[in-house]
file data11.tsv (TSV, C-alpha atoms)
chain	number	residue	atom	x	y	z
A	1	MET	CA	-16.68	34.16	55.18
A	2	LYS	CA	-14.45	31.21	55.99
A	3	LYS	CA	-17.51	29.28	57.16
A	4	LEU	CA	-19.26	29.99	53.88
A	5	SER	CA	-16.41	28.66	51.75
A	6	PHE	CA	-16.22	25.56	53.98
A	7	LEU	CA	-19.95	25.01	53.43
A	8	THR	CA	-19.52	25.47	49.67
A	9	ALA	CA	-16.74	22.90	49.68
A	10	ILE	CA	-18.96	20.39	51.47
A	11	ILE	CA	-21.84	21.00	49.08
A	12	LEU	CA	-19.52	20.57	46.10
A	13	ALA	CA	-18.08	17.36	47.55
A	14	VAL	CA	-21.56	15.91	48.16
A	15	ALA	CA	-22.63	16.92	44.65
A	16	ALA	CA	-19.54	15.29	43.16
A	17	ILE	CA	-20.20	12.05	45.06
A	18	THR	CA	-23.86	12.05	43.97
A	19	VAL	CA	-22.93	12.57	40.31
A	20	ASN	CA	-20.36	9.81	40.63
A	21	ALA	CA	-22.89	7.44	42.15
A	22	GLN	CA	-25.31	8.16	39.31
A	23	THR	CA	-22.81	7.29	36.60
A	24	SER	CA	-20.97	4.46	38.35
A	25	GLY	CA	-23.59	1.88	37.37
A	26	LYS	CA	-23.00	2.46	33.69
A	27	LEU	CA	-20.99	0.00	31.62
A	28	VAL	CA	-19.91	0.76	28.05
A	29	SER	CA	-19.33	-1.59	25.14
A	30	SER	CA	-17.73	-0.83	21.81
A	31	LYS	CA	-17.10	-4.54	21.29
A	32	THR	CA	-20.40	-5.63	19.82
A	33	GLN	CA	-21.72	-7.88	17.09
A	34	ILE	CA	-25.15	-7.76	15.52
A	35	LYS	CA	-26.21	-10.39	13.00
A	36	PHE	CA	-29.11	-10.15	10.62
A	37	PHE	CA	-30.45	-13.43	9.23
A	38	SER	CA	-33.16	-13.86	6.63
A	39	SER	CA	-34.27	-17.24	5.36
A	40	THR	CA	-36.56	-17.98	2.41
A	41	PRO	CA	-36.88	-21.02	0.14
A	42	ALA	CA	-34.98	-18.97	-2.49
A	43	GLU	CA	-31.91	-18.18	-0.36
A	44	ASP	CA	-30.49	-17.41	3.07
A	45	ILE	CA	-29.07	-13.93	3.58
A	46	GLN	CA	-26.82	-12.98	6.46
A	47	ALA	CA	-25.04	-9.79	7.46
A	48	THR	CA	-22.75	-8.92	10.36
A	49	ASN	CA	-22.14	-5.58	12.05
A	50	THR	CA	-19.40	-4.94	14.62
A	51	THR	CA	-19.62	-1.13	14.69
A	52	SER	CA	-22.30	-0.53	17.35
A	53	VAL	CA	-21.83	1.16	20.70
A	54	SER	CA	-23.90	0.10	23.69
A	55	THR	CA	-24.38	0.97	27.33
A	56	ILE	CA	-25.98	-0.95	30.17
A	57	ASN	CA	-26.78	0.47	33.59
A	58	LYS	CA	-26.40	-2.04	36.40
A	59	GLU	CA	-28.53	0.02	38.78
A	60	THR	CA	-31.46	0.93	36.54
A	61	GLY	CA	-31.30	-1.91	34.00
A	62	GLU	CA	-31.32	0.55	31.11
A	63	VAL	CA	-29.81	-0.75	27.87
A	64	VAL	CA	-29.02	1.35	24.79
A	65	PHE	CA	-27.63	0.22	21.43
A	66	SER	CA	-26.66	2.72	18.72
A	67	VAL	CA	-26.21	0.90	15.41
A	68	PRO	CA	-24.45	2.47	12.39
A	69	MET	CA	-26.45	0.92	9.54
A	70	GLN	CA	-23.67	1.09	6.94
A	71	GLY	CA	-21.70	-1.29	9.15
A	72	PHE	CA	-23.71	-4.32	7.99
A	73	GLU	CA	-21.41	-6.50	5.92
A	74	PHE	CA	-22.98	-8.95	3.43
A	75	GLU	CA	-21.41	-11.80	1.54
A	76	LYS	CA	-22.51	-10.35	-1.79
A	77	ALA	CA	-21.83	-6.73	-2.74
A	78	LEU	CA	-25.17	-6.47	-4.55
A	79	MET	CA	-27.10	-7.44	-1.41
A	80	GLN	CA	-25.21	-4.80	0.56
A	81	LYS	CA	-26.07	-2.23	-2.09
A	82	HIS	CA	-29.78	-3.11	-1.95
A	83	PHE	CA	-29.73	-3.05	1.86
A	84	ASN	CA	-28.23	0.47	1.95
A	85	GLY	CA	-30.36	1.79	-0.90
A	86	GLU	CA	-33.34	4.12	-0.75
A	87	ASP	CA	-35.99	1.39	-1.07
A	88	PHE	CA	-34.60	-0.61	1.81
A	89	LEU	CA	-32.83	1.10	4.73
A	90	ASN	CA	-31.83	4.37	3.08
A	91	THR	CA	-28.69	4.55	5.20
A	92	GLN	CA	-27.44	7.88	3.89
A	93	THR	CA	-30.55	9.64	5.23
A	94	PHE	CA	-30.95	7.35	8.28
A	95	PRO	CA	-27.39	6.34	9.22
A	96	LYS	CA	-28.20	4.95	12.65
A	97	ALA	CA	-30.75	2.66	14.27
A	98	LYS	CA	-31.36	2.57	18.00
A	99	LEU	CA	-32.50	0.03	20.54
A	100	LYS	CA	-33.44	1.45	23.91
A	101	GLY	CA	-35.15	-0.10	26.90
A	102	LYS	CA	-34.89	-1.81	30.26
A	103	ILE	CA	-34.13	-5.19	31.70
A	104	THR	CA	-37.42	-6.09	33.41
A	105	ASN	CA	-36.10	-8.75	35.80
A	106	LEU	CA	-33.15	-6.78	37.17
A	107	ASP	CA	-33.73	-8.28	40.66
A	108	LYS	CA	-32.74	-11.71	39.27
A	109	ILE	CA	-29.33	-10.46	38.06
A	110	ASP	CA	-26.46	-10.10	40.49
A	111	PHE	CA	-23.78	-8.00	38.81
A	112	SER	CA	-21.45	-8.55	41.78
A	113	LYS	CA	-21.45	-12.35	41.42
A	114	ASP	CA	-19.96	-14.27	38.48
A	115	GLY	CA	-22.46	-16.35	36.55
A	116	THR	CA	-24.91	-16.44	33.66
A	117	TYR	CA	-28.37	-15.00	34.26
A	118	ASN	CA	-31.48	-15.09	32.08
A	119	ALA	CA	-32.75	-11.61	31.31
A	120	THR	CA	-35.97	-10.23	29.90
A	121	PHE	CA	-35.92	-6.91	28.10
A	122	GLU	CA	-38.63	-4.52	27.01
A	123	GLY	CA	-38.02	-1.45	24.95
A	124	GLU	CA	-38.21	0.26	21.60
A	125	LEU	CA	-36.39	-0.22	18.34
A	126	THR	CA	-36.08	2.79	16.03
A	127	ILE	CA	-35.20	2.23	12.38
A	128	LYS	CA	-35.67	4.97	9.76
A	129	GLU	CA	-37.24	7.17	12.46
A	130	LEU	CA	-40.04	4.63	13.02
A	131	THR	CA	-40.24	3.40	16.60
A	132	LYS	CA	-41.85	0.09	17.55
A	133	PRO	CA	-41.96	-1.82	20.83
A	134	VAL	CA	-39.74	-4.89	21.23
A	135	LYS	CA	-39.58	-7.69	23.79
A	136	GLU	CA	-36.52	-9.86	23.96
A	137	ASN	CA	-35.05	-12.64	26.00
A	138	GLY	CA	-31.35	-12.93	26.53
A	139	THR	CA	-28.55	-13.76	28.89
A	140	VAL	CA	-26.28	-11.62	31.02
A	141	GLU	CA	-22.94	-13.19	31.87
A	142	VAL	CA	-20.89	-11.62	34.67
A	143	LYS	CA	-17.13	-12.32	34.66
A	144	GLY	CA	-15.53	-10.07	37.24
A	145	SER	CA	-15.87	-6.48	36.04
A	146	VAL	CA	-16.74	-7.62	32.49
A	147	VAL	CA	-20.36	-8.23	31.51
A	148	GLU	CA	-21.41	-10.01	28.32
A	149	VAL	CA	-24.97	-9.74	27.03
A	150	GLN	CA	-26.49	-11.96	24.35
A	151	SER	CA	-29.93	-11.82	22.82
A	152	LYS	CA	-31.92	-13.04	19.84
A	153	PHE	CA	-35.19	-11.60	18.56
A	154	ASN	CA	-37.27	-11.18	15.41
A	155	VAL	CA	-38.02	-8.00	13.50
A	156	ALA	CA	-40.90	-7.66	11.04
A	157	LEU	CA	-39.55	-5.51	8.23
A	158	ALA	CA	-43.00	-4.10	7.39
A	159	ASP	CA	-43.07	-2.45	10.87
A	160	TYR	CA	-40.35	-0.12	9.61
A	161	GLY	CA	-41.88	0.63	6.23
A	162	ILE	CA	-39.70	-1.92	4.45
A	163	THR	CA	-42.07	-3.66	2.05
A	164	PHE	CA	-41.29	-5.26	-1.27
A	165	VAL	CA	-44.11	-5.74	-3.69
A	166	LYS	CA	-42.16	-6.71	-6.78
A	167	GLY	CA	-38.78	-7.87	-8.00
A	168	LYS	CA	-36.23	-10.25	-6.59
A	169	PRO	CA	-36.09	-8.87	-3.02
A	170	SER	CA	-39.82	-9.63	-2.55
A	171	THR	CA	-39.22	-13.37	-2.97
A	172	ASN	CA	-35.67	-13.62	-1.62
A	173	ILE	CA	-35.91	-11.62	1.63
A	174	ALA	CA	-37.99	-12.95	4.50
A	175	LYS	CA	-40.78	-10.74	5.87
A	176	THR	CA	-39.42	-11.37	9.36
A	177	VAL	CA	-35.68	-11.41	10.01
A	178	GLU	CA	-33.79	-12.77	12.98
A	179	ILE	CA	-31.44	-10.45	14.88
A	180	THR	CA	-28.70	-11.85	17.12
A	181	MET	CA	-26.82	-9.44	19.39
A	182	ILE	CA	-23.78	-9.83	21.58
A	183	ALA	CA	-21.93	-7.13	23.51
A	184	GLU	CA	-19.02	-7.12	25.94
A	185	TYR	CA	-19.18	-4.32	28.52
A	186	LYS	CA	-16.51	-2.84	30.70
A	187	PRO	CA	-16.81	-0.10	33.36
A	188	GLU	CA	-16.68	3.39	31.82
B	189	MET	CA	-35.29	-19.89	-48.66
B	190	LYS	CA	-35.30	-16.22	-47.69
B	191	LYS	CA	-37.72	-16.91	-44.82
B	192	LYS	CA	-35.45	-19.67	-43.49
B	193	LYS	CA	-32.45	-17.31	-43.50
B	194	ILE	CA	-34.36	-14.67	-41.54
B	195	LEU	CA	-35.46	-17.27	-39.00
B	196	LYS	CA	-31.88	-18.49	-38.65
B	197	ILE	CA	-30.56	-14.96	-38.03
B	198	ALA	CA	-33.37	-14.29	-35.57
B	199	ALA	CA	-32.58	-17.51	-33.68
B	200	ILE	CA	-28.87	-16.61	-33.47
B	201	LEU	CA	-29.69	-13.10	-32.24
B	202	ILE	CA	-32.06	-14.46	-29.55
B	203	ILE	CA	-29.54	-17.02	-28.32
B	204	ALA	CA	-26.78	-14.39	-28.28
B	205	GLY	CA	-29.11	-12.04	-26.38
B	206	VAL	CA	-29.93	-14.68	-23.76
B	207	VAL	CA	-26.26	-15.61	-23.29
B	208	ILE	CA	-25.11	-11.98	-22.98
B	209	GLY	CA	-28.06	-10.99	-20.78
B	210	GLY	CA	-27.62	-14.06	-18.58
B	211	SER	CA	-23.89	-13.47	-18.21
B	212	ILE	CA	-24.44	-9.84	-17.22
B	213	GLY	CA	-27.10	-10.97	-14.73
B	214	ILE	CA	-24.81	-13.58	-13.15
B	215	TYR	CA	-21.92	-11.10	-13.10
B	216	MET	CA	-24.09	-8.42	-11.43
B	217	PHE	CA	-25.34	-10.90	-8.83
B	218	ASN	CA	-21.82	-12.02	-7.97
B	219	ILE	CA	-20.08	-8.67	-8.43
B	220	PRO	CA	-17.26	-8.54	-5.87
B	221	HIS	CA	-17.03	-6.05	-3.02
B	222	ARG	CA	-15.07	-2.90	-3.74
B	223	ASN	CA	-11.44	-3.26	-2.65
B	224	VAL	CA	-11.09	-0.33	-0.26
B	225	GLN	CA	-7.30	-0.53	-0.09
B	226	THR	CA	-6.73	-0.27	-3.85
B	227	ALA	CA	-9.55	2.23	-4.44
B	228	LYS	CA	-8.92	5.95	-4.92
B	229	VAL	CA	-8.73	8.08	-1.77
B	230	ASP	CA	-11.54	10.65	-1.55
B	231	TYR	CA	-10.27	12.73	1.40
B	232	THR	CA	-7.05	12.89	3.40
B	233	LEU	CA	-7.39	14.59	6.78
B	234	THR	CA	-6.59	14.37	10.50
B	235	GLY	CA	-8.79	12.67	13.07
B	236	SER	CA	-9.45	15.99	14.80
B	237	GLN	CA	-10.55	17.58	11.52
B	238	ILE	CA	-13.21	15.01	10.69
B	239	VAL	CA	-14.47	14.85	14.29
B	240	ALA	CA	-14.78	18.67	14.34
B	241	GLU	CA	-16.62	18.58	11.01
B	242	TYR	CA	-19.14	16.08	12.38
B	243	LEU	CA	-19.62	17.82	15.72
B	244	THR	CA	-20.34	21.16	14.04
B	245	GLY	CA	-22.70	19.83	11.36
B	246	LYS	CA	-23.67	16.16	11.43
B	247	ASP	CA	-26.16	16.27	8.53
B	248	ALA	CA	-23.84	18.15	6.16
B	249	ALA	CA	-20.99	15.77	7.03
B	250	ASN	CA	-23.18	12.71	6.44
B	251	LYS	CA	-24.14	14.10	3.03
B	252	LYS	CA	-20.50	14.67	2.20
B	253	TYR	CA	-19.03	11.38	3.42
B	254	LEU	CA	-21.81	8.75	3.24
B	255	SER	CA	-23.07	7.35	-0.07
B	256	GLY	CA	-26.59	6.11	-0.73
B	257	ASP	CA	-25.46	2.66	-1.87
B	258	GLY	CA	-23.23	2.05	1.16
B	259	ASN	CA	-20.00	2.50	-0.81
B	260	SER	CA	-19.14	5.60	1.20
B	261	LYS	CA	-16.05	7.80	0.96
B	262	ILE	CA	-12.58	6.36	1.32
B	263	LEU	CA	-10.44	8.33	3.77
B	264	ILE	CA	-6.88	8.50	5.00
B	265	ILE	CA	-6.96	9.66	8.61
B	266	THR	CA	-3.89	10.62	10.61
B	267	GLY	CA	-4.00	10.65	14.40
B	268	VAL	CA	-2.57	9.54	17.74
B	269	ILE	CA	-3.31	5.96	18.81
B	270	SER	CA	-5.19	5.91	22.12
B	271	LYS	CA	-6.50	2.32	22.22
B	272	ILE	CA	-5.83	-1.02	20.51
B	273	SER	CA	-8.40	-3.83	20.77
B	274	ASP	CA	-9.99	-6.77	18.94
B	275	ASP	CA	-13.57	-7.07	17.73
B	276	PHE	CA	-15.85	-10.14	17.63
B	277	ASN	CA	-14.70	-10.90	14.07
B	278	GLY	CA	-11.12	-11.27	15.32
B	279	GLN	CA	-10.08	-8.01	13.64
B	280	LYS	CA	-7.84	-5.32	15.14
B	281	VAL	CA	-9.51	-2.03	16.06
B	282	ILE	CA	-7.34	1.08	16.45
B	283	LEU	CA	-8.78	4.17	18.12
B	284	LEU	CA	-7.23	7.46	16.99
B	285	LYS	CA	-8.03	10.12	19.57
B	286	GLU	CA	-6.32	13.13	21.10
B	287	SER	CA	-6.24	12.93	24.90
B	288	ASP	CA	-8.45	16.01	25.34
B	289	ALA	CA	-10.85	15.26	22.46
B	290	LYS	CA	-14.56	14.50	22.86
B	291	ALA	CA	-14.52	11.84	20.16
B	292	GLY	CA	-12.04	10.04	17.94
B	293	VAL	CA	-11.85	7.79	14.92
B	294	SER	CA	-12.28	4.04	15.41
B	295	ALA	CA	-10.59	2.06	12.63
B	296	ALA	CA	-11.38	-1.65	12.19
B	297	PHE	CA	-8.88	-3.66	10.16
B	298	THR	CA	-9.72	-6.86	8.24
B	299	LYS	CA	-8.62	-10.45	8.78
B	300	GLU	CA	-6.02	-9.90	6.04
B	301	THR	CA	-4.68	-6.54	7.28
B	302	SER	CA	-4.87	-7.00	11.08
B	303	HIS	CA	-1.27	-8.25	11.29
B	304	ASN	CA	-0.11	-4.87	9.93
B	305	ALA	CA	-1.42	-3.32	13.14
B	306	ASP	CA	0.60	-5.65	15.38
B	307	ASP	CA	3.53	-3.22	15.66
B	308	LEU	CA	1.39	-0.17	16.42
B	309	GLN	CA	1.79	1.39	19.83
B	310	ILE	CA	-0.38	3.60	21.98
B	311	GLY	CA	0.80	7.20	21.82
B	312	SER	CA	2.36	7.00	18.37
B	313	THR	CA	0.99	8.75	15.29
B	314	VAL	CA	-0.26	6.72	12.34
B	315	SER	CA	-2.09	7.20	9.02
B	316	ILE	CA	-4.88	4.72	8.29
B	317	LYS	CA	-6.87	4.20	5.10
B	318	GLY	CA	-10.41	2.86	5.26
B	319	VAL	CA	-14.06	3.40	4.35
B	320	ILE	CA	-16.25	5.56	6.59
B	321	ARG	CA	-19.32	3.82	8.07
B	322	SER	CA	-20.63	6.52	10.41
B	323	GLY	CA	-19.73	9.89	11.90
B	324	ALA	CA	-19.10	11.33	15.36
B	325	SER	CA	-21.92	12.79	17.43
B	326	PHE	CA	-23.20	13.09	20.98
B	327	ASP	CA	-25.89	10.51	21.69
B	328	SER	CA	-28.21	11.60	24.49
B	329	ASP	CA	-29.38	8.03	25.20
B	330	LEU	CA	-25.87	6.63	25.51
B	331	GLU	CA	-24.79	9.88	27.22
B	332	LEU	CA	-21.59	9.52	25.22
B	333	TYR	CA	-19.81	10.94	22.21
B	334	GLU	CA	-19.70	8.31	19.46
B	335	ASN	CA	-16.55	8.01	17.36
B	336	VAL	CA	-16.21	8.25	13.60
B	337	ILE	CA	-16.12	4.63	12.36
B	338	LEU	CA	-13.88	3.35	9.58
B	339	GLU	CA	-13.74	-0.25	8.36
B	340	LYS	CA	-11.65	-2.32	5.92
B	341	CYS	CA	-8.62	-0.43	7.23
B	342	ASP	CA	-4.90	-0.79	6.73
B	343	VAL	CA	-1.86	1.23	7.76
B	344	VAL	CA	-0.67	3.66	5.09
B	345	LYS	CA	3.01	3.00	4.42
B	346	LYS	CA	5.20	6.06	4.14

call {"tool": "encode", "arguments": {"input": "data11.tsv", "output": "structure tokens"}}
result
Amino acid sequence: MKKLSFLTAIILAVAAITVNAQTSGKLVSSKTQIKFFSSTPAEDIQATNTTSVSTINKETGEVVFSVPMQGFEFEKALMQKHFNGEDFLNTQTFPKAKLKGKITNLDKIDFSKDGTYNATFEGELTIKELTKPVKENGTVEVKGSVVEVQSKFNVALADYGITFVKGKPSTNIAKTVEITMIAEYKPE
Amino acid sequence: MKKKKILKIAAILIIAGVVIGGSIGIYMFNIPHRNVQTAKVDYTLTGSQIVAEYLTGKDAANKKYLSGDGNSKILIITGVISKISDDFNGQKVILLKESDAKAGVSAAFTKETSHNADDLQIGSTVSIKGVIRSGASFDSDLELYENVILEKCDVVKK
């Protein structure tokens, strides 16, 4: 009986260590900034969002961004209203967007050594429940236990069912917008 | 003579129409953002209450608190401060969360109000007014509970 409880204790200890090892590679960031930039001859439109939460796994290279869409802040209130509205991002029905994927050159990044590394990322971006593949380039900067990730990529609005055929938005919003992301991660 | 008079009136009406229409157009285009701090409060509740509401029924809570045009509900949330940080816009972010809770309420101040958060201390209870941007839920990709997010916040003076 005593032997059995000893064995159970060992199994539990091993299980605990394994679970720990699985989660130890994960870094969390609630300090993020995502910028949306659209440029047309008519006008430039920019919005900033600091409300996203992101995780990065040092061991698997997995990166996840969860983006509350109502967090995009525009210079003009009217632009923000259009952005949130039903014809554009319909943020009441689809409050969050998600970016999910993997760093594909994880072997080139040494999370234990300070420095700035170039990273390539492949994954999927889901906006309004439409999922499309994305490929990005970015940098991973290691500063002790803190990791900062930066990336810039383009999104074609039509991929997510955002098309304007008439009215002001059709001439003033670019068909492809530039997204700039930055996130500062700390161990969980 | 009569024809001339009619033309004159018509011309005045058209010009007036263009001026009024144009002014409304320019005003609409430049309409300022809603001032969250002076706007009417829609709901006053505790951090635990709104988190519980979201964790039991995310869709119903989104319908209740989020608005289609992005001008979502204005809340006063009372809770215990568990974390104080800065965001990339240089604004203070106060996390209201009970020590045993799955999720809390993250409140981002503005450049103008951030100094009001300077005296806040971890462990003390505070009431914060702001606009809700998103609710709390468990995200299976992040493997985390996400907090309720408020922005444009300020401390509510008692």

call {"tool": "closest_residue", "arguments": {"input": "data11.tsv", "among": "A:Thr163, A:Thr40, A:Asn137, A:Asn105", "to": "A:Met181", "atoms": "all atoms listed in the file"}}
result
A:Asn137

call {"tool": "interface_residues", "arguments": {"input": "data11.tsv", "of": "chain B", "to": "chain A", "cutoff": "6 Å", "atoms": "all atoms listed in the file", "output": "PyMOL selection string"}}
result
chain B and resi 220-221+254-258+275+321-322

call {"tool": "write_last_selection", "arguments": {"input": "data11.tsv", "atoms": "C-alpha atoms", "output": "tab-separated table (two decimals), keeping the file's coordinate frame"}}
result
chain	number	residue	atom	x	y	z
B	220	PRO	CA	-17.26	-8.54	-5.87
B	221	HIS	CA	-17.03	-6.05	-3.02
B	254	LEU	CA	-21.81	8.75	3.24
B	255	SER	CA	-23.07	7.35	-0.07
B	256	GLY	CA	-26.59	6.11	-0.73
B	257	ASP	CA	-25.46	2.66	-1.87
B	258	GLY	CA	-23.23	2.05	1.16
B	275	ASP	CA	-13.57	-7.07	17.73
B	321	ARG	CA	-19.32	3.82	8.07
B	322	SER	CA	-20.63	6.52	10.41

call {"tool": "closest_residue", "arguments": {"input": "data11.tsv", "among": "A:Val147, A:Ala97, A:Ala47, A:Ile127", "to": "A:Thr180", "atoms": "all atoms listed in the file"}}
result
A:Ala47

call {"tool": "atom_distance", "arguments": {"input": "data11.tsv", "atom1": "atom CA of B:Thr298", "atom2": "atom CA of B:Asp274"}}
result
10.7 Å

call {"tool": "residues_around", "arguments": {"input": "data11.tsv", "residues": "B:Gly311", "least_positions_apart": "5", "cutoff": "9 Å", "atoms": "all atoms listed in the file", "output": "list of chain:residue names"}}
result
B:Val268, B:Ile269, B:Ser270, B:Lys271

call {"tool": "residues_around", "arguments": {"input": "data11.tsv", "residues": "stretch 116-119 of chain A", "least_positions_apart": "3", "cutoff": "10 Å", "atoms": "all atoms listed in the file", "output": "list in words"}}
result
Ile103, Thr104, Asn105, Leu106, Asp107, Lys108, Ile109, Asp110, Phe111, Lys113, Glu136, Asn137, Gly138, Thr139, Val140, Glu141, Val142, Lys143, Val147, Glu148, Val149, Gln150 and Ser151 of chain A

call {"tool": "write_last_selection", "arguments": {"input": "data11.tsv", "atoms": "C-alpha atoms", "output": "mmCIF file, in the frame of the given file"}}
result
data_model
loop_
_atom_site.group_PDB
_atom_site.id
_atom_site.type_symbol
_atom_site.label_atom_id
_atom_site.label_comp_id
_atom_site.auth_asym_id
_atom_site.auth_seq_id
_atom_site.Cartn_x
_atom_site.Cartn_y
_atom_site.Cartn_z
ATOM 1 C CA ILE A 103 -34.130 -5.190 31.700
ATOM 2 C CA THR A 104 -37.420 -6.090 33.410
ATOM 3 C CA ASN A 105 -36.100 -8.750 35.800
ATOM 4 C CA LEU A 106 -33.150 -6.780 37.170
ATOM 5 C CA ASP A 107 -33.730 -8.280 40.660
ATOM 6 C CA LYS A 108 -32.740 -11.710 39.270
ATOM 7 C CA ILE A 109 -29.330 -10.460 38.060
ATOM 8 C CA ASP A 110 -26.460 -10.100 40.490
ATOM 9 C CA PHE A 111 -23.780 -8.000 38.810
ATOM 10 C CA LYS A 113 -21.450 -12.350 41.420
ATOM 11 C CA GLU A 136 -36.520 -9.860 23.960
ATOM 12 C CA ASN A 137 -35.050 -12.640 26.000
ATOM 13 C CA GLY A 138 -31.350 -12.930 26.530
ATOM 14 C CA THR A 139 -28.550 -13.760 28.890
ATOM 15 C CA VAL A 140 -26.280 -11.620 31.020
ATOM 16 C CA GLU A 141 -22.940 -13.190 31.870
ATOM 17 C CA VAL A 142 -20.890 -11.620 34.670
ATOM 18 C CA LYS A 143 -17.130 -12.320 34.660
ATOM 19 C CA VAL A 147 -20.360 -8.230 31.510
ATOM 20 C CA GLU A 148 -21.410 -10.010 28.320
ATOM 21 C CA VAL A 149 -24.970 -9.740 27.030
ATOM 22 C CA GLN A 150 -26.490 -11.960 24.350
ATOM 23 C CA SER A 151 -29.930 -11.820 22.820
#
